[in-house]
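Structure file model.cif; described as mmCIF, C-alpha atoms.
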```cif
data_model
#
loop_
_atom_site.label_atom_id
_atom_site.label_comp_id
_atom_site.auth_asym_id
_atom_site.auth_seq_id
_atom_site.Cartn_x
_atom_site.Cartn_y
_atom_site.Cartn_z
CA MET O 14 29.53 -236.73 -121.22
CA VAL O 15 31.33 -238.65 -118.51
CA SER O 16 34.80 -237.46 -117.59
CA GLN O 17 37.57 -238.57 -115.31
CA THR O 18 41.11 -237.44 -114.62
CA ALA O 19 43.93 -239.88 -115.19
CA ASN O 20 46.97 -240.05 -112.94
CA TYR O 21 50.24 -240.98 -114.61
CA VAL O 22 52.37 -243.74 -113.10
CA ARG O 23 55.88 -242.48 -112.45
CA HIS O 24 57.77 -245.72 -112.82
CA ILE O 25 56.62 -249.28 -113.19
CA ASP O 26 58.19 -250.30 -109.91
CA SER O 27 57.34 -247.22 -107.82
CA GLU O 28 53.62 -246.59 -108.10
CA ASN O 29 53.25 -245.71 -104.42
CA THR O 30 56.21 -243.34 -104.19
CA PRO O 31 54.98 -239.90 -103.10
CA PRO O 32 55.79 -236.94 -105.34
CA VAL O 33 58.97 -235.11 -104.48
CA ALA O 34 58.67 -231.34 -104.27
CA ARG O 35 61.66 -229.29 -105.33
CA PRO O 36 60.85 -225.63 -104.71
CA ASN O 37 64.14 -224.45 -106.17
CA ALA O 38 63.58 -225.98 -109.61
CA LYS O 39 64.82 -223.83 -112.47
CA PRO O 40 62.09 -222.24 -114.60
CA PHE O 41 61.20 -223.62 -118.03
CA ARG O 42 64.03 -226.13 -118.16
CA ILE O 43 62.50 -227.94 -121.15
CA ARG O 44 63.71 -225.28 -123.55
CA THR O 45 66.86 -224.23 -121.70
CA GLY O 46 67.96 -227.81 -121.05
CA ILE O 47 67.62 -229.25 -124.55
CA GLN O 48 71.30 -228.78 -125.44
CA GLY O 49 72.84 -230.21 -122.27
CA ALA O 50 70.37 -233.09 -122.07
CA SER O 51 71.06 -234.01 -125.67
CA ARG O 52 74.79 -234.22 -124.99
CA ARG O 53 74.24 -236.41 -121.92
CA ARG O 54 72.06 -238.78 -123.88
CA ARG O 55 74.63 -239.18 -126.64
CA ALA O 56 77.22 -240.07 -124.01
CA LEU O 57 74.93 -242.71 -122.53
CA VAL O 58 74.19 -244.43 -125.81
CA SER O 59 77.67 -244.37 -127.29
CA GLY O 60 78.57 -247.96 -126.40
CA GLY O 61 77.58 -251.26 -124.90
CA ALA O 62 75.65 -254.21 -126.30
CA HIS O 63 72.37 -253.23 -124.63
CA HIS O 64 72.27 -249.53 -125.40
CA LEU O 65 69.80 -247.63 -127.49
CA ARG O 66 71.65 -247.78 -130.79
CA HIS O 67 71.33 -251.56 -130.84
CA ALA O 68 67.58 -251.33 -130.31
CA LEU O 69 67.39 -248.87 -133.21
CA GLU O 70 69.43 -251.16 -135.45
CA HIS O 71 67.10 -254.00 -134.48
CA ALA O 72 64.06 -251.90 -135.39
CA LYS O 73 65.49 -251.01 -138.79
CA LYS O 74 66.25 -254.65 -139.57
CA ARG O 75 62.74 -255.67 -138.54
CA LYS O 76 61.33 -252.85 -140.63
CA GLY O 77 63.08 -254.30 -143.65
CA GLN O 78 61.63 -257.70 -142.89
CA THR O 79 58.10 -256.38 -142.33
CA ALA O 80 57.76 -254.51 -145.59
CA PRO O 81 57.00 -257.18 -148.20
CA LYS O 82 56.28 -256.28 -151.80
CA HIS O 83 52.83 -257.86 -151.55
CA PRO O 84 50.44 -257.53 -148.58
CA LEU O 85 50.50 -260.48 -146.21
CA THR O 86 47.38 -262.57 -145.83
CA PRO O 87 45.69 -261.94 -142.45
CA VAL O 88 45.99 -264.69 -139.88
CA ARG O 89 42.65 -266.40 -139.19
CA MET O 90 42.16 -268.52 -136.10
CA ASP O 91 39.20 -270.18 -134.44
CA VAL O 92 39.21 -269.27 -130.74
CA PRO O 93 37.03 -270.95 -128.13
CA THR O 94 34.09 -269.11 -126.62
CA SER O 95 31.73 -270.19 -123.90
CA SER O 96 28.21 -269.25 -122.85
CA ARG O 97 26.15 -270.29 -119.85
CA ASP O 98 22.66 -271.68 -120.38
CA VAL O 99 20.33 -271.62 -117.39
CA GLU O 100 17.20 -273.79 -117.21
CA MET O 101 15.13 -274.83 -114.17
CA GLY O 102 17.83 -273.76 -111.75
CA ASP O 103 20.56 -275.80 -113.45
CA SER O 104 23.30 -274.26 -115.52
CA THR O 105 25.40 -275.77 -118.24
CA VAL O 106 28.31 -274.28 -120.16
CA SER O 107 28.14 -274.65 -123.91
CA LYS O 108 31.39 -274.24 -125.78
CA SER O 109 31.75 -272.94 -129.32
CA THR O 110 34.33 -271.20 -131.45
CA ALA O 111 34.54 -267.83 -133.13
CA SER O 112 36.74 -266.95 -136.07
CA VAL O 113 39.27 -264.17 -135.45
CA SER O 114 41.11 -262.44 -138.28
CA LEU O 115 44.23 -260.47 -137.36
CA PRO O 116 46.81 -258.66 -139.50
CA ARG O 117 49.95 -260.75 -139.83
CA ARG O 118 52.07 -257.69 -139.16
CA LEU O 119 51.23 -254.17 -138.10
CA ALA O 120 51.58 -251.54 -140.80
CA ARG O 121 53.91 -248.65 -140.16
CA SER O 122 53.12 -244.99 -140.39
CA GLU O 123 54.33 -243.46 -143.65
CA ILE O 124 54.58 -240.06 -141.99
CA THR O 125 58.16 -239.03 -141.28
CA GLU O 126 58.03 -235.24 -140.92
CA ILE O 127 56.46 -233.08 -138.22
CA PRO O 128 54.70 -230.05 -139.76
CA ILE O 129 56.56 -226.82 -139.07
CA SER O 130 53.25 -225.22 -138.08
CA THR O 131 52.86 -227.71 -135.22
CA LEU O 132 56.22 -226.82 -133.69
CA GLN O 133 55.77 -223.13 -134.47
CA ALA O 134 52.61 -223.06 -132.38
CA VAL O 135 54.31 -224.35 -129.20
CA ALA O 136 57.99 -223.36 -129.45
CA PRO O 137 58.75 -220.86 -132.24
CA GLU O 138 62.29 -220.42 -130.89
CA LEU O 139 63.01 -224.09 -131.76
CA VAL O 140 61.64 -224.08 -135.31
CA HIS O 141 65.15 -223.96 -136.81
CA THR O 142 66.51 -226.65 -134.47
CA HIS O 143 66.71 -230.17 -135.89
CA ILE O 144 63.80 -232.23 -134.62
CA ASP O 145 66.02 -235.16 -133.59
CA TYR O 146 68.11 -232.81 -131.46
CA ILE O 147 64.99 -231.61 -129.62
CA ARG O 148 63.81 -235.19 -129.09
CA GLU O 149 67.16 -236.21 -127.64
CA GLY O 150 66.96 -233.44 -125.09
CA LEU O 151 63.36 -234.25 -124.21
CA GLU O 152 64.29 -237.88 -123.65
CA CYS O 153 66.64 -236.91 -120.83
CA LEU O 154 64.12 -234.50 -119.33
CA GLY O 155 61.13 -236.79 -119.82
CA PRO O 156 61.22 -238.73 -116.52
CA ASP O 157 61.18 -235.49 -114.49
CA MET O 158 58.34 -234.15 -116.63
CA LEU O 159 56.43 -237.37 -116.09
CA ARG O 160 56.84 -237.03 -112.33
CA VAL O 161 55.23 -233.61 -112.54
CA LEU O 162 52.26 -235.13 -114.39
CA ALA O 163 51.95 -237.85 -111.74
CA GLY O 164 51.48 -235.19 -109.08
CA ILE O 165 48.74 -233.26 -110.88
CA LYS O 166 45.32 -233.19 -109.26
CA ALA O 167 42.21 -231.94 -111.04
CA GLU O 168 38.51 -232.10 -110.37
CA PRO O 169 36.55 -234.09 -112.98
CA VAL O 170 34.29 -232.00 -115.17
CA SER O 171 30.80 -232.98 -116.28
CA ASN O 172 28.38 -232.29 -119.12
CA ILE O 173 30.32 -229.59 -121.02
CA LEU O 174 34.09 -229.29 -121.29
CA PRO O 175 35.37 -225.85 -120.29
CA LYS O 176 38.03 -224.09 -122.32
CA GLU O 177 40.48 -224.28 -119.42
CA LEU O 178 40.84 -226.18 -116.17
CA SER O 179 42.36 -225.41 -112.79
CA ILE O 180 44.84 -228.02 -111.56
CA ILE O 181 46.87 -228.49 -108.38
CA VAL O 182 50.61 -229.07 -108.83
CA ASN O 183 52.26 -231.36 -106.27
CA ASP O 184 55.67 -231.81 -107.92
CA VAL O 185 57.78 -228.93 -109.21
CA SER O 186 60.86 -230.90 -110.33
CA SER O 187 60.39 -229.86 -113.97
CA ASP O 188 58.22 -227.69 -116.23
CA MET O 189 54.50 -227.56 -115.59
CA PRO O 190 52.05 -229.19 -118.00
CA THR O 191 50.89 -226.81 -120.71
CA HIS O 192 47.61 -228.45 -121.68
CA MET O 193 44.99 -230.95 -120.58
CA PHE O 194 44.01 -233.48 -123.25
CA ALA O 195 40.34 -234.47 -123.14
CA VAL O 196 40.67 -237.90 -124.75
CA PHE O 197 37.67 -239.71 -126.20
CA SER O 198 37.07 -242.58 -128.59
CA SER O 199 36.61 -242.18 -132.34
CA ARG O 200 34.77 -245.50 -132.34
CA GLN O 201 32.01 -244.48 -129.95
CA PRO O 202 28.55 -244.13 -131.57
CA ALA O 203 27.53 -240.49 -131.85
CA PRO O 204 24.24 -240.75 -129.91
CA ALA O 205 25.94 -242.52 -126.99
CA ARG O 206 27.02 -240.62 -123.91
CA ARG O 207 30.64 -239.75 -124.58
CA ARG O 208 33.24 -240.85 -122.06
CA VAL O 209 36.10 -238.36 -121.75
CA THR O 210 39.32 -238.84 -119.78
CA LEU O 211 41.59 -235.94 -118.92
CA PHE O 212 45.37 -236.25 -119.29
CA PRO O 213 47.80 -233.44 -118.41
CA ALA O 214 50.53 -233.04 -121.02
CA HIS O 215 53.51 -230.97 -122.14
CA ASN O 216 52.93 -229.50 -125.58
CA LEU O 217 56.53 -229.86 -126.77
CA VAL O 218 56.61 -233.63 -126.18
CA PHE O 219 53.56 -234.23 -128.35
CA ALA O 220 54.35 -231.55 -130.94
CA THR O 221 57.73 -233.16 -131.66
CA HIS O 222 56.31 -236.69 -132.07
CA CYS O 223 52.75 -236.43 -133.41
CA ALA O 224 52.46 -235.27 -137.03
CA ASN O 225 48.66 -235.34 -136.86
CA LEU O 226 48.33 -233.41 -133.62
CA PRO O 227 45.83 -230.56 -133.88
CA ILE O 228 47.27 -227.07 -133.54
CA LEU O 229 47.36 -226.48 -129.80
CA PRO O 230 45.99 -223.30 -128.25
CA VAL O 231 48.58 -220.92 -126.85
CA SER O 232 49.59 -221.76 -123.30
CA THR O 233 51.77 -219.31 -121.38
CA PRO O 234 54.52 -221.09 -119.38
CA VAL O 235 53.90 -220.89 -115.65
CA LEU O 236 56.58 -220.89 -112.98
CA VAL O 237 55.46 -222.75 -109.86
CA GLU O 238 57.74 -222.39 -106.85
CA CYS O 239 55.92 -224.47 -104.24
CA ALA O 240 54.00 -227.73 -104.29
CA GLY O 241 50.26 -227.31 -103.83
CA GLU O 242 49.92 -224.25 -106.05
CA GLU O 243 47.05 -223.97 -108.52
CA ILE O 244 47.45 -223.14 -112.20
CA LYS O 245 45.14 -223.10 -115.21
CA VAL O 246 45.73 -224.97 -118.47
CA PRO O 247 43.71 -225.01 -121.70
CA ILE O 248 41.72 -228.15 -122.52
CA VAL O 249 42.26 -229.78 -125.92
CA PRO O 250 39.78 -232.40 -127.22
CA LEU O 251 41.70 -235.38 -128.62
CA CYS O 252 39.85 -238.07 -130.56
CA ILE O 253 41.72 -241.38 -130.93
CA PRO O 254 40.72 -245.01 -131.61
CA ALA O 255 41.67 -246.51 -128.22
CA PRO O 256 41.65 -244.07 -125.27
CA GLU O 257 42.05 -246.94 -122.80
CA VAL O 258 45.69 -247.42 -123.84
CA PHE O 259 46.58 -243.76 -124.34
CA PRO O 260 48.56 -243.68 -121.04
CA GLN O 261 50.91 -246.41 -122.32
CA LEU O 262 51.67 -244.49 -125.51
CA SER O 263 51.93 -241.13 -123.77
CA THR O 264 54.32 -242.46 -121.12
CA PHE O 265 56.50 -243.96 -123.84
CA LEU O 266 56.82 -240.58 -125.56
CA TYR O 267 58.23 -239.18 -122.31
CA THR O 268 60.60 -242.04 -121.45
CA LYS O 269 61.31 -243.87 -124.74
CA ARG O 270 61.65 -247.04 -122.64
CA ILE O 271 60.89 -250.13 -124.72
CA ASP O 272 61.01 -252.35 -121.64
CA HIS O 273 58.45 -250.25 -119.77
CA LEU O 274 56.11 -250.12 -122.76
CA LEU O 275 56.27 -253.90 -123.22
CA ALA O 276 55.69 -254.41 -119.50
CA SER O 277 52.44 -252.46 -119.82
CA LEU O 278 51.27 -254.45 -122.86
CA MET O 279 52.47 -258.01 -122.29
CA PRO O 280 51.30 -260.63 -119.76
CA LEU O 281 54.88 -261.61 -118.80
CA PRO O 282 58.24 -259.78 -118.77
CA THR O 283 59.67 -259.76 -122.29
CA PRO O 284 63.26 -261.05 -122.76
CA PRO O 285 65.36 -258.04 -123.83
CA GLN O 286 67.04 -260.11 -126.57
CA LEU O 287 63.78 -260.07 -128.53
CA TYR O 288 64.07 -256.34 -129.17
CA ARG O 289 67.83 -255.89 -128.93
CA ASP O 290 69.29 -258.71 -130.98
CA ASP O 291 69.11 -259.46 -134.68
CA PRO O 292 65.53 -260.59 -135.48
CA THR O 293 66.88 -263.45 -137.60
CA THR O 294 68.61 -265.03 -134.59
CA VAL O 295 65.93 -264.80 -131.90
CA MET O 296 63.14 -266.95 -133.35
CA PRO O 297 63.85 -269.94 -131.06
CA LEU O 298 63.70 -267.65 -128.02
CA LEU O 299 60.56 -265.98 -129.35
CA THR O 300 58.83 -269.33 -129.78
CA GLN O 301 59.92 -270.40 -126.30
CA PHE O 302 58.59 -267.18 -124.77
CA ALA O 303 55.33 -267.51 -126.72
CA GLN O 304 54.91 -271.06 -125.37
CA LYS O 305 55.49 -269.77 -121.83
CA ILE O 306 52.72 -267.22 -122.29
CA THR O 307 50.44 -269.91 -123.70
CA ASP O 308 51.05 -272.05 -120.63
CA THR O 309 50.21 -269.09 -118.39
CA CYS O 310 47.31 -267.31 -120.09
CA ALA O 311 43.89 -268.42 -121.30
CA VAL O 312 42.84 -267.48 -124.82
CA GLU O 313 40.57 -264.73 -123.47
CA ALA O 314 43.54 -263.12 -121.69
CA LEU O 315 45.67 -263.39 -124.83
CA LEU O 316 43.00 -261.60 -126.84
CA ARG O 317 42.88 -258.80 -124.28
CA HIS O 318 46.64 -258.26 -124.59
CA ILE O 319 46.40 -258.41 -128.37
CA ALA O 320 43.72 -255.72 -128.17
CA LYS O 321 46.05 -253.57 -126.04
CA VAL O 322 48.85 -253.80 -128.60
CA HIS O 323 46.49 -253.17 -131.51
CA GLY O 324 44.95 -250.21 -129.69
CA THR O 325 48.37 -248.68 -129.03
CA TRP O 326 49.26 -249.17 -132.70
CA SER O 327 45.94 -247.59 -133.78
CA ASN O 328 46.59 -244.55 -131.59
CA ALA O 329 50.12 -244.17 -132.96
CA MET O 330 48.83 -244.30 -136.52
CA ALA O 331 46.04 -241.82 -135.79
CA LEU O 332 48.46 -239.35 -134.17
CA GLY O 333 51.07 -239.80 -136.90
CA ILE O 334 53.90 -241.09 -134.70
CA ALA O 335 56.95 -242.46 -136.52
CA ASP O 336 59.35 -243.65 -133.84
CA GLU O 337 61.64 -246.62 -134.51
CA ARG O 338 61.69 -247.79 -130.89
CA LEU O 339 57.91 -247.67 -130.69
CA TRP O 340 57.61 -249.85 -133.80
CA CYS O 341 60.28 -252.17 -132.44
CA ALA O 342 58.25 -252.71 -129.26
CA LEU O 343 54.94 -253.14 -131.09
CA ASP O 344 56.45 -255.53 -133.66
CA THR O 345 57.94 -257.65 -130.88
CA ALA O 346 54.72 -257.77 -128.85
CA TRP O 347 52.58 -258.54 -131.90
CA GLU O 348 54.80 -261.39 -133.12
CA VAL O 349 54.95 -262.99 -129.67
CA LEU O 350 51.23 -262.70 -128.93
CA LEU O 351 50.13 -263.99 -132.34
CA THR O 352 52.49 -266.93 -131.96
CA SER O 353 51.03 -267.62 -128.51
CA LEU O 354 47.50 -267.48 -129.89
CA ALA O 355 48.41 -269.83 -132.74
CA ILE O 356 49.88 -272.31 -130.24
CA SER O 357 46.81 -272.00 -128.00
CA THR O 358 44.46 -272.79 -130.86
CA GLY O 359 46.55 -275.76 -131.98
CA LYS O 360 47.74 -274.15 -135.21
CA PRO O 361 51.30 -272.93 -134.69
CA HIS O 362 52.00 -273.61 -138.37
CA LEU O 363 49.89 -270.57 -139.30
CA MET O 364 52.67 -268.22 -138.23
CA MET O 365 55.18 -270.03 -140.44
CA GLU O 366 52.84 -270.21 -143.45
CA SER O 367 52.20 -266.46 -143.42
CA VAL O 368 55.85 -265.37 -143.29
#
```

If you convert what's in this file into structure tokens, what do you get?
Amino acid sequence: MVSQTANYVRHIDSENTPPVARPNAKPFRIRTGIQGASRRRRALVSGGAHHLRHALEHAKKRKGQTAPKHPLTPVRMDVPTSSRDVEMGDSTVSKSTASVSLPRRLARSEITEIPISTLQAVAPELVHTHIDYIREGLECLGPDMLRVLAGIKAEPVSNILPKELSIIVNDVSSDMPTHMFAVFSSRQPAPARRRVTLFPAHNLVFATHCANLPILPVSTPVLVECAGEEIKVPIVPLCIPAPEVFPQLSTFLYTKRIDHLLASLMPLPTPPQLYRDDPTTVMPLLTQFAQKITDTCAVEALLRHIAKVHGTWSNAMALGIADERLWCALDTAWEVLLTSLAISTGKPHLMMESV
């Protein structure tokens, strides 16, 4: 087993900002701050053309468009490949094509309810609180929680995963992580040496979003007063299809920022209109943006970004996440990237034929 510890990025534009220690942070604010944070969030999203409610309306409209009565035919494209032949000191590049079959649209999770047992295991005092109310509060607290994760330091483990791990806390601006996810791939052959990456996490964030999350071991909340203190957290093995894009999905669950998620998945900044405006009115802009990506990226790069989006979708399906903004972001990225690939391969008509 090969393991490594992942460091979370606080914000897209502040990777090198040092963690800020706040020794006077209030204890366990996740639970005590749910009510006030929820009220603040409702005030923020109550108006304006670019606020959250418009993104949610957009996602619902797109959901209606992406649920046909009959399954859509997959999109098949021939993409160029190249190989280098070496003979007598000379090298030549031989070009060929490979057929790629991709789903026209990404299926959505049919799971809508979080099992009571999942929430009971991490926050029994919130079992009778509406799940949307808890999520609203967590959304306001999420950035501070993410900063705490960014400041966590842990020594990589080898060979056998222990039941718990000691970690150093360098930011005390919010609640401490409750668990350490040991993430590994479900697609890795059994005999192969398993690669495991460690991710600190807050149980309540995942318990309120992931219907398929395993029951987490009990973790007693710890109050840390000073940066640099050491605490212990239980390790939870987590098997998912694409561990390499788990940070993107995890960060989204803390921030609910569509723009940040798309920035981590797409080769160029995505125009906000593509996920805020009515899907029926943005097709010209979508095609224009797809052409811009085609002019910038080689086919190989496009396929890598497509793999990122598909991996994030696979992880969301495996964990049982049903979040409208997540699907809005993934739908937007998938439509743009497939259109770019169709343009790159000289077959833009494929996207129209499969609608």

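CA of Cys153 in chain O sits 17.5 Å away from CA of Glu337 in chain O.
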
Per-axis box centre and lengths in Å around range 271-286 of chain O, 5 Å margin per side, axis-aligned, as AutoDock Vina command-line options:
```
--center_x 59.2 --center_y -255.9 --center_z -122.7 --size_x 25.8 --size_y 21.5 --size_z 17.8
```

Next on the checklist: Selection in question (the file shown): the PyMOL selection byres ((chain O and resi 311) around 12). Which residues does it include, as number ranges by chain?
Outcome noted: O: 92-94, 280, 305-310, 312-318, 353-354, 356-358

Chain and number of each residue from the PyMOL selection byres ((chain O and resi 119) around 9), as a PyMOL selection string:
chain O and resi 79+116-118+120-121+323+326+340+343-344+347

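Compared by their closest atoms to Asp291 in chain O, and using all atoms listed in the file, the residues O:Asn225, O:Leu217, O:Cys252, O:Cys341 rank with O:Cys341 nearest.
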
Residue with the minimum atom-to-atom distance to Ala303 in chain O, picked from O:Thr264, O:Thr352, O:Thr221, O:Gln286 with all atoms listed in the file counted, is O:Thr352

Please expand the PyMOL selection byres ((chain O and resi 224) around 7) into the concrete residues it hits in this file, giving the result as a VMD selection string.
chain O and resid 126 to 128 222 to 223 225 to 226 332 to 334

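Residue nearest His215 in chain O, chosen from O:Ala136, O:Asp272, O:Leu281, O:Arg200 and counting all atoms listed in the file: O:Ala136.
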